[in-house]
Each structure stands twice: as C-alpha cells, then as structure tokens.
$ cat my_file.tsv   # TSV, C-alpha atoms
chain	number	residue	atom	x	y	z
A	1	MET	CA	-54.70	-15.39	-11.97
A	2	LEU	CA	-56.55	-14.27	-8.95
A	3	GLY	CA	-58.86	-11.34	-8.93
A	4	LEU	CA	-60.42	-9.41	-6.16
A	5	PHE	CA	-63.98	-8.34	-6.57
A	6	ALA	CA	-65.71	-5.77	-4.45
A	7	THR	CA	-69.49	-5.57	-4.22
A	8	VAL	CA	-70.82	-2.11	-3.54
A	9	GLN	CA	-74.34	-1.74	-2.25
A	10	PHE	CA	-76.19	1.51	-2.84
A	11	SER	CA	-79.12	2.62	-0.64
A	12	SER	CA	-81.78	4.88	-2.14
A	13	ILE	CA	-83.07	7.83	-0.12
A	14	LYS	CA	-86.67	8.98	-0.60
A	15	ASN	CA	-87.31	12.74	-0.16
A	16	ASP	CA	-90.74	13.57	1.33
A	17	LYS	CA	-92.33	17.05	1.60
A	18	PHE	CA	-93.87	17.61	5.04
A	19	ILE	CA	-95.24	21.17	4.55
A	20	ASN	CA	-97.93	21.91	2.00
A	21	LYS	CA	-99.24	25.33	1.09
A	22	PRO	CA	-102.57	26.00	3.02
A	23	SER	CA	-105.58	26.65	0.83
A	24	ASN	CA	-107.54	29.21	2.99
A	25	VAL	CA	-104.75	31.27	4.50
A	26	ASN	CA	-102.94	34.04	2.66
A	27	GLN	CA	-99.27	33.76	2.03
A	28	ALA	CA	-98.21	36.47	4.50
A	29	ASN	CA	-100.15	35.01	7.46
A	30	HIS	CA	-98.90	31.58	6.70
A	31	SER	CA	-95.31	32.81	6.69
A	32	ASP	CA	-95.79	34.54	10.09
A	33	THR	CA	-97.34	31.42	11.56
A	34	LEU	CA	-94.38	29.31	10.46
A	35	GLN	CA	-91.89	31.74	11.94
A	36	ASN	CA	-93.75	31.73	15.31
A	37	GLN	CA	-93.86	27.93	15.35
A	38	GLN	CA	-90.17	27.63	14.57
A	39	SER	CA	-89.26	30.17	17.27
A	40	GLN	CA	-91.03	28.04	19.88
A	41	LEU	CA	-89.24	24.85	18.98
A	42	PRO	CA	-86.44	23.81	21.36
A	43	VAL	CA	-82.99	24.31	19.98
A	44	GLU	CA	-80.72	21.30	20.16
A	45	VAL	CA	-77.05	22.06	20.60
A	46	THR	CA	-74.83	19.34	19.30
A	47	GLU	CA	-71.11	19.15	19.83
A	48	GLU	CA	-68.81	18.01	17.09
A	49	PRO	CA	-67.42	14.58	17.94
A	50	LYS	CA	-63.88	14.61	19.16
A	51	VAL	CA	-61.53	12.78	16.87
A	52	GLU	CA	-58.36	11.57	18.45
A	53	LYS	CA	-55.34	11.92	16.25
A	54	ILE	CA	-53.54	8.62	15.83
A	55	GLU	CA	-49.93	9.17	15.07
A	56	ASN	CA	-48.05	6.75	12.86
A	57	ALA	CA	-51.26	4.94	11.97
A	58	GLU	CA	-49.82	4.10	8.59
A	59	LYS	CA	-46.18	3.16	8.43
A	60	PRO	CA	-44.45	3.58	5.09
A	61	ILE	CA	-43.68	0.33	3.31
A	62	GLU	CA	-39.97	-0.30	3.35
A	63	GLU	CA	-38.47	-1.21	0.01
A	64	ARG	CA	-36.56	-4.49	0.04
A	65	VAL	CA	-32.87	-4.04	-0.53
A	66	LEU	CA	-31.71	-6.10	-3.49
A	67	THR	CA	-29.23	-8.82	-2.59
A	68	PHE	CA	-26.23	-10.02	-4.54
A	69	GLN	CA	-28.33	-12.90	-5.83
A	70	ASP	CA	-31.06	-10.53	-7.03
A	71	HIS	CA	-28.47	-8.57	-8.98
A	72	LEU	CA	-27.01	-11.74	-10.48
A	73	ALA	CA	-30.48	-12.78	-11.67
A	74	ILE	CA	-30.89	-9.34	-13.26
A	75	GLN	CA	-27.52	-9.71	-15.00
A	76	ALA	CA	-28.64	-13.09	-16.33
A	77	GLU	CA	-31.89	-11.58	-17.60
A	78	LEU	CA	-29.88	-8.91	-19.43
A	79	ARG	CA	-28.23	-11.73	-21.39
A	80	LEU	CA	-31.59	-12.25	-23.11
A	81	GLN	CA	-30.95	-9.06	-25.08
A	82	SER	CA	-27.86	-10.57	-26.71
A	83	ASP	CA	-27.88	-12.22	-30.13
A	84	VAL	CA	-25.65	-15.24	-29.47
A	85	ARG	CA	-24.94	-18.21	-31.71
A	86	TYR	CA	-24.25	-21.48	-29.89
A	87	ASP	CA	-20.57	-22.28	-30.36
A	88	GLY	CA	-18.40	-24.14	-27.88
A	89	SER	CA	-15.28	-24.46	-29.98
A	90	TYR	CA	-11.87	-23.95	-28.36
A	91	ARG	CA	-10.55	-20.41	-28.71
A	92	LYS	CA	-7.57	-18.56	-27.31
A	93	ILE	CA	-8.75	-15.67	-25.16
A	94	ALA	CA	-7.14	-13.02	-22.97
A	95	TYR	CA	-6.49	-13.50	-19.27
A	96	PRO	CA	-7.83	-12.25	-16.94
A	97	MET	CA	-11.31	-11.01	-17.96
A	98	GLY	CA	-11.00	-12.85	-21.24
A	99	ASP	CA	-14.05	-13.77	-23.29
A	100	VAL	CA	-14.95	-15.35	-26.59
A	101	PRO	CA	-16.58	-13.04	-29.19
A	102	GLU	CA	-19.81	-11.64	-27.76
A	103	ASN	CA	-21.93	-13.09	-30.57
A	104	ILE	CA	-21.06	-16.71	-29.67
A	105	GLY	CA	-21.29	-18.74	-26.49
A	106	VAL	CA	-22.60	-21.80	-24.65
A	107	CYS	CA	-24.44	-22.41	-21.38
A	108	THR	CA	-21.39	-21.67	-19.23
A	109	ASP	CA	-20.91	-18.31	-20.95
A	110	VAL	CA	-24.32	-17.17	-19.66
A	111	VAL	CA	-23.08	-17.83	-16.13
A	112	ILE	CA	-19.62	-16.36	-16.72
A	113	ARG	CA	-20.94	-13.16	-18.31
A	114	SER	CA	-23.61	-12.71	-15.63
A	115	PHE	CA	-21.03	-12.93	-12.83
A	116	ARG	CA	-18.73	-10.63	-14.78
A	117	GLY	CA	-21.51	-8.04	-14.86
A	118	LEU	CA	-21.04	-7.83	-11.09
A	119	GLY	CA	-17.27	-7.58	-11.32
A	120	ILE	CA	-16.51	-11.25	-10.61
A	121	ASP	CA	-14.20	-12.99	-13.08
A	122	LEU	CA	-14.86	-16.74	-12.96
A	123	GLN	CA	-12.08	-17.26	-15.47
A	124	GLN	CA	-9.52	-15.99	-12.97
A	125	SER	CA	-11.20	-17.51	-9.93
A	126	VAL	CA	-11.40	-20.99	-11.44
A	127	HIS	CA	-7.85	-20.80	-12.79
A	128	GLU	CA	-6.32	-19.74	-9.49
A	129	ASP	CA	-8.12	-22.53	-7.63
A	130	MET	CA	-7.12	-25.10	-10.24
A	131	LYS	CA	-3.47	-24.07	-9.98
A	132	ARG	CA	-3.51	-24.78	-6.25
A	133	ASN	CA	-5.75	-27.86	-6.40
A	134	PHE	CA	-5.45	-29.28	-9.91
A	135	ARG	CA	-6.10	-32.87	-8.83
A	136	SER	CA	-9.39	-31.86	-7.19
A	137	TYR	CA	-10.84	-31.05	-10.60
A	138	PRO	CA	-12.12	-33.53	-13.22
A	139	ASN	CA	-9.45	-34.80	-15.58
A	140	LYS	CA	-11.65	-36.15	-18.35
A	141	TRP	CA	-9.78	-33.98	-20.88
A	142	LYS	CA	-6.40	-35.56	-20.00
A	143	LEU	CA	-4.77	-32.22	-19.27
A	144	SER	CA	-1.54	-31.90	-17.31
A	145	LYS	CA	-2.06	-28.32	-16.20
A	146	PRO	CA	-4.79	-25.63	-16.09
A	147	ASP	CA	-5.82	-23.86	-19.29
A	148	THR	CA	-7.17	-20.31	-18.92
A	149	ASN	CA	-8.76	-20.48	-22.37
A	150	ILE	CA	-11.29	-23.21	-21.62
A	151	ASP	CA	-11.29	-24.44	-17.99
A	152	HIS	CA	-13.95	-22.02	-16.73
A	153	ARG	CA	-16.17	-22.72	-19.76
A	154	ARG	CA	-16.64	-26.38	-18.81
A	155	VAL	CA	-19.63	-27.32	-16.63
A	156	PRO	CA	-17.81	-29.95	-14.50
A	157	ASN	CA	-15.13	-27.40	-13.61
A	158	LEU	CA	-17.68	-24.76	-12.63
A	159	MET	CA	-19.53	-27.31	-10.50
A	160	THR	CA	-16.30	-28.31	-8.77
A	161	PHE	CA	-15.37	-24.67	-8.18
A	162	PHE	CA	-18.81	-23.86	-6.68
A	163	GLU	CA	-18.63	-26.92	-4.43
A	164	ARG	CA	-15.13	-26.06	-3.23
A	165	ALA	CA	-16.27	-22.48	-2.52
A	166	GLY	CA	-18.97	-23.75	-0.14
A	167	ALA	CA	-21.85	-22.75	-2.40
A	168	SER	CA	-23.62	-26.15	-2.58
A	169	LEU	CA	-27.32	-26.29	-1.68
A	170	PRO	CA	-29.65	-29.30	-1.31
A	171	ILE	CA	-31.23	-30.67	-4.48
A	172	THR	CA	-35.00	-30.89	-4.00
A	173	ASN	CA	-38.21	-31.01	-6.02
A	174	ASP	CA	-39.61	-27.96	-4.25
A	175	PRO	CA	-39.56	-24.86	-6.51
A	176	MET	CA	-39.50	-22.63	-3.43
A	177	ASP	CA	-35.98	-23.86	-2.69
A	178	TYR	CA	-34.61	-22.36	-5.91
A	179	LEU	CA	-34.12	-18.66	-5.31
A	180	ALA	CA	-33.36	-15.94	-7.81
A	181	GLY	CA	-29.62	-15.88	-8.44
A	182	ASN	CA	-29.08	-19.55	-7.60
A	183	VAL	CA	-27.01	-21.52	-10.10
A	184	VAL	CA	-28.37	-24.90	-11.20
A	185	ALA	CA	-26.74	-27.72	-13.17
A	186	TRP	CA	-28.49	-30.58	-14.98
A	187	ASP	CA	-27.75	-33.82	-16.77
A	188	LEU	CA	-29.68	-33.46	-20.02
A	189	SER	CA	-29.37	-37.16	-20.73
A	190	GLN	CA	-31.78	-37.88	-17.87
A	191	THR	CA	-35.24	-36.50	-17.33
A	192	ASN	CA	-36.26	-35.57	-13.82
A	193	GLY	CA	-36.74	-38.70	-11.73
A	194	SER	CA	-35.14	-41.11	-14.19
A	195	ASN	CA	-32.15	-43.29	-13.41
A	196	THR	CA	-31.19	-44.29	-16.93
A	197	LYS	CA	-27.48	-44.54	-17.64
A	198	GLY	CA	-25.88	-43.13	-20.71
A	199	LYS	CA	-23.54	-40.47	-22.00
A	200	THR	CA	-23.93	-37.46	-19.74
A	201	MET	CA	-24.78	-34.10	-21.26
A	202	LEU	CA	-24.20	-31.42	-18.64
A	203	HIS	CA	-25.94	-28.07	-18.62
A	204	ILE	CA	-25.95	-25.02	-16.34
A	205	GLY	CA	-28.10	-21.91	-15.85
A	206	ILE	CA	-29.24	-19.21	-13.43
A	207	VAL	CA	-32.58	-18.88	-11.63
A	208	SER	CA	-34.32	-15.67	-12.71
A	209	ASN	CA	-36.55	-13.24	-10.80
A	210	PHE	CA	-39.61	-14.55	-12.66
A	211	VAL	CA	-41.92	-17.53	-12.07
A	212	SER	CA	-44.21	-19.42	-14.40
A	213	GLU	CA	-47.85	-18.44	-14.02
A	214	HIS	CA	-48.81	-22.00	-14.95
A	215	THR	CA	-46.56	-24.06	-12.64
A	216	SER	CA	-45.17	-21.44	-10.20
A	217	ASN	CA	-41.70	-22.78	-11.01
A	218	PRO	CA	-38.95	-20.16	-11.22
A	219	LEU	CA	-37.91	-19.48	-14.78
A	220	ILE	CA	-34.34	-20.31	-15.77
A	221	VAL	CA	-31.98	-18.19	-17.88
A	222	HIS	CA	-29.73	-20.49	-19.91
A	223	ASN	CA	-28.41	-21.31	-23.38
A	224	ILE	CA	-29.34	-24.79	-24.48
A	225	GLY	CA	-28.57	-24.27	-28.15
A	226	GLY	CA	-30.61	-21.33	-29.45
A	227	GLY	CA	-28.91	-18.49	-27.62
A	228	PRO	CA	-29.83	-17.12	-24.17
A	229	GLN	CA	-33.43	-17.86	-23.26
A	230	MET	CA	-35.67	-17.83	-20.18
A	231	ASN	CA	-38.22	-20.57	-19.69
A	232	ASP	CA	-39.80	-23.10	-17.34
A	233	MET	CA	-37.35	-26.00	-17.49
A	234	LEU	CA	-36.10	-26.32	-13.90
A	235	PHE	CA	-37.53	-29.82	-13.44
A	236	ASP	CA	-37.39	-31.03	-17.04
A	237	PHE	CA	-34.06	-32.78	-16.50
A	238	LYS	CA	-32.23	-34.36	-13.60
A	239	ILE	CA	-30.72	-31.70	-11.36
A	240	ILE	CA	-27.15	-32.58	-10.39
A	241	GLY	CA	-26.03	-29.29	-8.83
A	242	HIS	CA	-27.62	-26.42	-6.89
A	243	TYR	CA	-25.54	-23.48	-5.70
A	244	LYS	CA	-25.97	-20.17	-3.91
A	245	SER	CA	-24.14	-17.31	-5.57
A	246	GLU	CA	-24.11	-15.03	-2.53
A	247	VAL	CA	-20.90	-16.65	-1.29
A	248	PHE	CA	-19.12	-14.72	-4.04
A	249	SER	CA	-20.45	-11.34	-2.96
A	250	GLN	CA	-17.60	-8.84	-2.63
A	251	GLU	CA	-19.41	-6.77	0.00
$ encode --input "my_file.tsv" --output "structure tokens"
Amino acid sequence: MLGLFATVQFSSIKNDKFINKPSNVNQANHSDTLQNQQSQLPVEVTEEPKVEKIENAEKPIEERVLTFQDHLAIQAELRLQSDVRYDGSYRKIAYPMGDVPENIGVCTDVVIRSFRGLGIDLQQSVHEDMKRNFRSYPNKWKLSKPDTNIDHRRVPNLMTFFERAGASLPITNDPMDYLAGNVVAWDLSQTNGSNTKGKTMLHIGIVSNFVSEHTSNPLIVHNIGGGPQMNDMLFDFKIIGHYKSEVFSQE
C-alpha cells in the first residue's frame, strides 16, 4: 500500500507595538500630534493586481465506458453470491437457455451463467457450431452426434468453441496480459512451469475486475470444488487456454 504524506510548514508571525503612550504629554495633545503626523505622510495608491481568467483550466474527468469484457467480469463476480454445490453429473436440461438447478454446478457453469447474464447462450452457440463441425470437436466421449444437455458444460468443448470463434490470445506469464473479462483454462494436473505428464484435469474461469494486493495478479472467478470463489490462482497451474470474450459482444 502506498501512502502520500504532505509536510506542512507553519511560520510564526511576531506582533510588535511601535507606538507607546508618552509620559509627559496629555492625551489630547498626543492625539492631535498623531493626526498631524499621519496627515503629512504620503499616501500610496496601490492597484489591485489584474487576474486573467483562464477558461477551461480544469477539464472534467471523463468516465471510462465499460466494455463487454468489464460487464462479463461483473457477471462473474455476481456468481459469488450464489450458494452452489459442486456437481457435474449428467442431467437433461431444456434447450435453448437450459441450465442445471441453480444450486449445483461446476467450473464451466460459472462461465456459462456469466455469459448468459449478458444475453449470450453458450449452450446454443456451442451446439450450433458442433452440428456444422462435429469432427472439429474432441471425441473423447465417443459420441456420434452433439448433445445439448452436456456439450457446453465440458471444458474441451468450450476451449474448441472459443478457438474457432477467433477468441484465442497468447499465453504468457505477464499478469498485465490477462484483462478483466478474459476467459482462462488450466490443466490442474500440472503446476505452472512443469512438464509432467499424467491424467489431465481441465479447469476454466473468468478474470475479475480485482487484483491481488500482494502479487498484483488479477483475481480469478471460478469453481474448483467449493462453489464459486474469487482468488489469486492465475499462475498456480499450467495455463492451456487464454481467450478474449469481446468477440461475442452483440453490439
């Protein structure tokens, strides 16, 4: 935390009395003498300094207009108010705008519900793209056709959809590159910088409008098992995806 300190110096002013009451002259004569002396003193005429008026010296500070990504970050932060139990079981849901019960969810549901708060239905968007380009999506679940109940709730499918939409951004170790409203994906089986091989555990979240006062890293809104949370975990695991959400703006 930085603080600004101002040092104020005070100067003391000493008041001196220059006129003392005379001891051998009566009060009336002394008063007349003072008036005569003062009338003989030259009178200085001083003009008030001219102050030029400077127009527009202070320009009003323009408020920054919130972007689509700012609003998405806000929607993600609103998810923190929800009491959600981690549950990724398969469920039949409506289509479009379908959702599992609001009191359950996984990491992808944080992303899905945040986008939906801005009127964007990833369930429908992912499904329509999968129908046209089914072979472009991972087939680790051995499916023969898209499934509107679960496709959008799987991290690999969301990553593929973001990549196909042109939302991919470079993966770096610079926290300044991760802006509010960006979507980030991780492999939880690998810590940042490691190259160990094993069973992948994919995770996804949204960059918030807040930064850590300890590391200056942007805080991430995600659900890693205990419900929606916001914390400093951007570089805890290997980042495998970084996406800008502004490409989905409907403006």
$ residues_around --input "my_file.tsv" --residues "region 78-81 of chain A" --least-positions-apart "4" --cutoff "8 Å" --atoms "only C-alpha atoms" --output "PyMOL selection string"
chain A and resi 74+110+114+221+228-230
$ atom_distance --input "my_file.tsv" --atom1 "CA of Ile112 (chain A)" --atom2 "CA of Arg64 (chain A)"
26.6 Å
$ closest_residue --input "my_file.tsv" --among "A:Leu66, A:Val183, A:Val106, A:Val207" --to "Arg153 (chain A)" --atoms "all atoms listed in the file"
A:Val106
$ residues_around --input "my_file.tsv" --residues "Ser144 (chain A)" --least-positions-apart "2" --cutoff "12 Å" --atoms "all atoms listed in the file" --output "VMD selection string"
chain A and resid 130 to 131 134 to 135 137 to 142 146 to 147
$ residues_around --input "my_file.tsv" --residues "Gly227 (chain A)" --least-positions-apart "3" --cutoff "10 Å" --atoms "only C-alpha atoms" --output "ChimeraX atom specification"
/A:79-87,103-107,110,222-224
$ write_last_selection --input "my_file.tsv" --atoms "C-alpha atoms" --output "tab-separated table (two decimals), in the coordinates of the input"
chain	number	residue	atom	x	y	z
A	79	ARG	CA	-28.23	-11.73	-21.39
A	80	LEU	CA	-31.59	-12.25	-23.11
A	81	GLN	CA	-30.95	-9.06	-25.08
A	82	SER	CA	-27.86	-10.57	-26.71
A	83	ASP	CA	-27.88	-12.22	-30.13
A	84	VAL	CA	-25.65	-15.24	-29.47
A	85	ARG	CA	-24.94	-18.21	-31.71
A	86	TYR	CA	-24.25	-21.48	-29.89
A	87	ASP	CA	-20.57	-22.28	-30.36
A	103	ASN	CA	-21.93	-13.09	-30.57
A	104	ILE	CA	-21.06	-16.71	-29.67
A	105	GLY	CA	-21.29	-18.74	-26.49
A	106	VAL	CA	-22.60	-21.80	-24.65
A	107	CYS	CA	-24.44	-22.41	-21.38
A	110	VAL	CA	-24.32	-17.17	-19.66
A	222	HIS	CA	-29.73	-20.49	-19.91
A	223	ASN	CA	-28.41	-21.31	-23.38
A	224	ILE	CA	-29.34	-24.79	-24.48
$ atom_distance --input "my_file.tsv" --atom1 "CA of Ser125 (chain A)" --atom2 "CA of Thr200 (chain A)"
25.6 Å
$ atom_distance --input "my_file.tsv" --atom1 "CA of Leu202 (chain A)" --atom2 "CA of Thr215 (chain A)"
24.3 Å
$ closest_residue --input "my_file.tsv" --among "A:Glu213, A:Asp187, A:Glu128, A:Asp151" --to "Asp109 (chain A)" --atoms "all atoms listed in the file"
A:Asp151
$ closest_residue --input "my_file.tsv" --among "A:Ser216, A:Ser208, A:Ser168, A:Thr148" --to "Ser245 (chain A)" --atoms "all atoms listed in the file"
A:Ser168
$ closest_residue --input "my_file.tsv" --among "A:Ala73, A:Ile93, A:Ile239, A:Val126" --to "Thr160 (chain A)" --atoms "all atoms listed in the file"
A:Val126
$ closest_residue --input "my_file.tsv" --among "A:Val65, A:Leu219, A:Ala167, A:Ile206" --to "Arg113 (chain A)" --atoms "all atoms listed in the file"
A:Ile206
$ closest_residue --input "my_file.tsv" --among "A:Ile240, A:Ile220, A:Val155, A:Leu72" --to "Leu169 (chain A)" --atoms "only C-alpha atoms"
A:Ile240
$ residues_near_point --input "my_file.tsv" --point "(-33.5, -31.0, -14.7)" --cutoff "10 Å" --atoms "all atoms listed in the file" --output "count of residues only"
22
$ residues_around --input "my_file.tsv" --residues "Arg164 (chain A)" --least-positions-apart "5" --cutoff "10 Å" --atoms "only C-alpha atoms" --output "list in words"
Asp129, Ser136, Tyr137, Leu158 and Met159 of chain A
$ build_atoms --input "my_file.tsv" --residues "region 118-136 of chain A" --atoms "N, CA and C atoms" --output "PDB file, in the coordinates of the input"
ATOM      1  N   LEU A 118     -21.166  -8.289 -12.477  1.00  0.00           N
ATOM      2  CA  LEU A 118     -21.040  -7.830 -11.090  1.00  0.00           C
ATOM      3  C   LEU A 118     -19.596  -7.724 -10.650  1.00  0.00           C
ATOM      4  N   GLY A 119     -18.690  -7.770 -11.621  1.00  0.00           N
ATOM      5  CA  GLY A 119     -17.270  -7.580 -11.320  1.00  0.00           C
ATOM      6  C   GLY A 119     -16.539  -8.827 -10.874  1.00  0.00           C
ATOM      7  N   ILE A 120     -17.145  -9.996 -11.041  1.00  0.00           N
ATOM      8  CA  ILE A 120     -16.510 -11.250 -10.610  1.00  0.00           C
ATOM      9  C   ILE A 120     -16.067 -12.028 -11.849  1.00  0.00           C
ATOM     10  N   ASP A 121     -14.786 -12.317 -11.925  1.00  0.00           N
ATOM     11  CA  ASP A 121     -14.200 -12.990 -13.080  1.00  0.00           C
ATOM     12  C   ASP A 121     -14.015 -14.472 -12.761  1.00  0.00           C
ATOM     13  N   LEU A 122     -14.963 -15.300 -13.208  1.00  0.00           N
ATOM     14  CA  LEU A 122     -14.860 -16.740 -12.960  1.00  0.00           C
ATOM     15  C   LEU A 122     -13.669 -17.354 -13.686  1.00  0.00           C
ATOM     16  N   GLN A 123     -13.261 -16.753 -14.785  1.00  0.00           N
ATOM     17  CA  GLN A 123     -12.080 -17.260 -15.470  1.00  0.00           C
ATOM     18  C   GLN A 123     -10.871 -17.247 -14.530  1.00  0.00           C
ATOM     19  N   GLN A 124     -10.650 -16.121 -13.885  1.00  0.00           N
ATOM     20  CA  GLN A 124      -9.520 -15.990 -12.970  1.00  0.00           C
ATOM     21  C   GLN A 124      -9.720 -16.817 -11.707  1.00  0.00           C
ATOM     22  N   SER A 125     -10.939 -16.790 -11.171  1.00  0.00           N
ATOM     23  CA  SER A 125     -11.200 -17.510  -9.930  1.00  0.00           C
ATOM     24  C   SER A 125     -11.005 -19.011 -10.099  1.00  0.00           C
ATOM     25  N   VAL A 126     -11.552 -19.558 -11.188  1.00  0.00           N
ATOM     26  CA  VAL A 126     -11.400 -20.990 -11.440  1.00  0.00           C
ATOM     27  C   VAL A 126      -9.936 -21.332 -11.689  1.00  0.00           C
ATOM     28  N   HIS A 127      -9.242 -20.513 -12.468  1.00  0.00           N
ATOM     29  CA  HIS A 127      -7.850 -20.800 -12.790  1.00  0.00           C
ATOM     30  C   HIS A 127      -6.961 -20.805 -11.545  1.00  0.00           C
ATOM     31  N   GLU A 128      -7.156 -19.819 -10.686  1.00  0.00           N
ATOM     32  CA  GLU A 128      -6.320 -19.740  -9.490  1.00  0.00           C
ATOM     33  C   GLU A 128      -6.571 -20.930  -8.564  1.00  0.00           C
ATOM     34  N   ASP A 129      -7.830 -21.380  -8.472  1.00  0.00           N
ATOM     35  CA  ASP A 129      -8.120 -22.530  -7.630  1.00  0.00           C
ATOM     36  C   ASP A 129      -7.581 -23.813  -8.256  1.00  0.00           C
ATOM     37  N   MET A 130      -7.642 -23.908  -9.569  1.00  0.00           N
ATOM     38  CA  MET A 130      -7.120 -25.100 -10.240  1.00  0.00           C
ATOM     39  C   MET A 130      -5.599 -25.186 -10.120  1.00  0.00           C
ATOM     40  N   LYS A 131      -4.926 -24.056 -10.144  1.00  0.00           N
ATOM     41  CA  LYS A 131      -3.470 -24.070  -9.980  1.00  0.00           C
ATOM     42  C   LYS A 131      -3.075 -24.644  -8.632  1.00  0.00           C
ATOM     43  N   ARG A 132      -3.828 -24.309  -7.606  1.00  0.00           N
ATOM     44  CA  ARG A 132      -3.510 -24.780  -6.250  1.00  0.00           C
ATOM     45  C   ARG A 132      -4.011 -26.199  -5.995  1.00  0.00           C
ATOM     46  N   ASN A 133      -5.092 -26.580  -6.702  1.00  0.00           N
ATOM     47  CA  ASN A 133      -5.750 -27.860  -6.400  1.00  0.00           C
ATOM     48  C   ASN A 133      -6.124 -28.586  -7.687  1.00  0.00           C
ATOM     49  N   PHE A 134      -5.165 -28.731  -8.577  1.00  0.00           N
ATOM     50  CA  PHE A 134      -5.450 -29.280  -9.910  1.00  0.00           C
ATOM     51  C   PHE A 134      -6.065 -30.679  -9.837  1.00  0.00           C
ATOM     52  N   ARG A 135      -5.610 -31.503  -8.910  1.00  0.00           N
ATOM     53  CA  ARG A 135      -6.100 -32.870  -8.830  1.00  0.00           C
ATOM     54  C   ARG A 135      -7.519 -32.966  -8.264  1.00  0.00           C
ATOM     55  N   SER A 136      -8.021 -31.865  -7.713  1.00  0.00           N
ATOM     56  CA  SER A 136      -9.390 -31.860  -7.190  1.00  0.00           C
ATOM     57  C   SER A 136     -10.419 -31.658  -8.302  1.00  0.00           C
TER      58      SER A 136
END
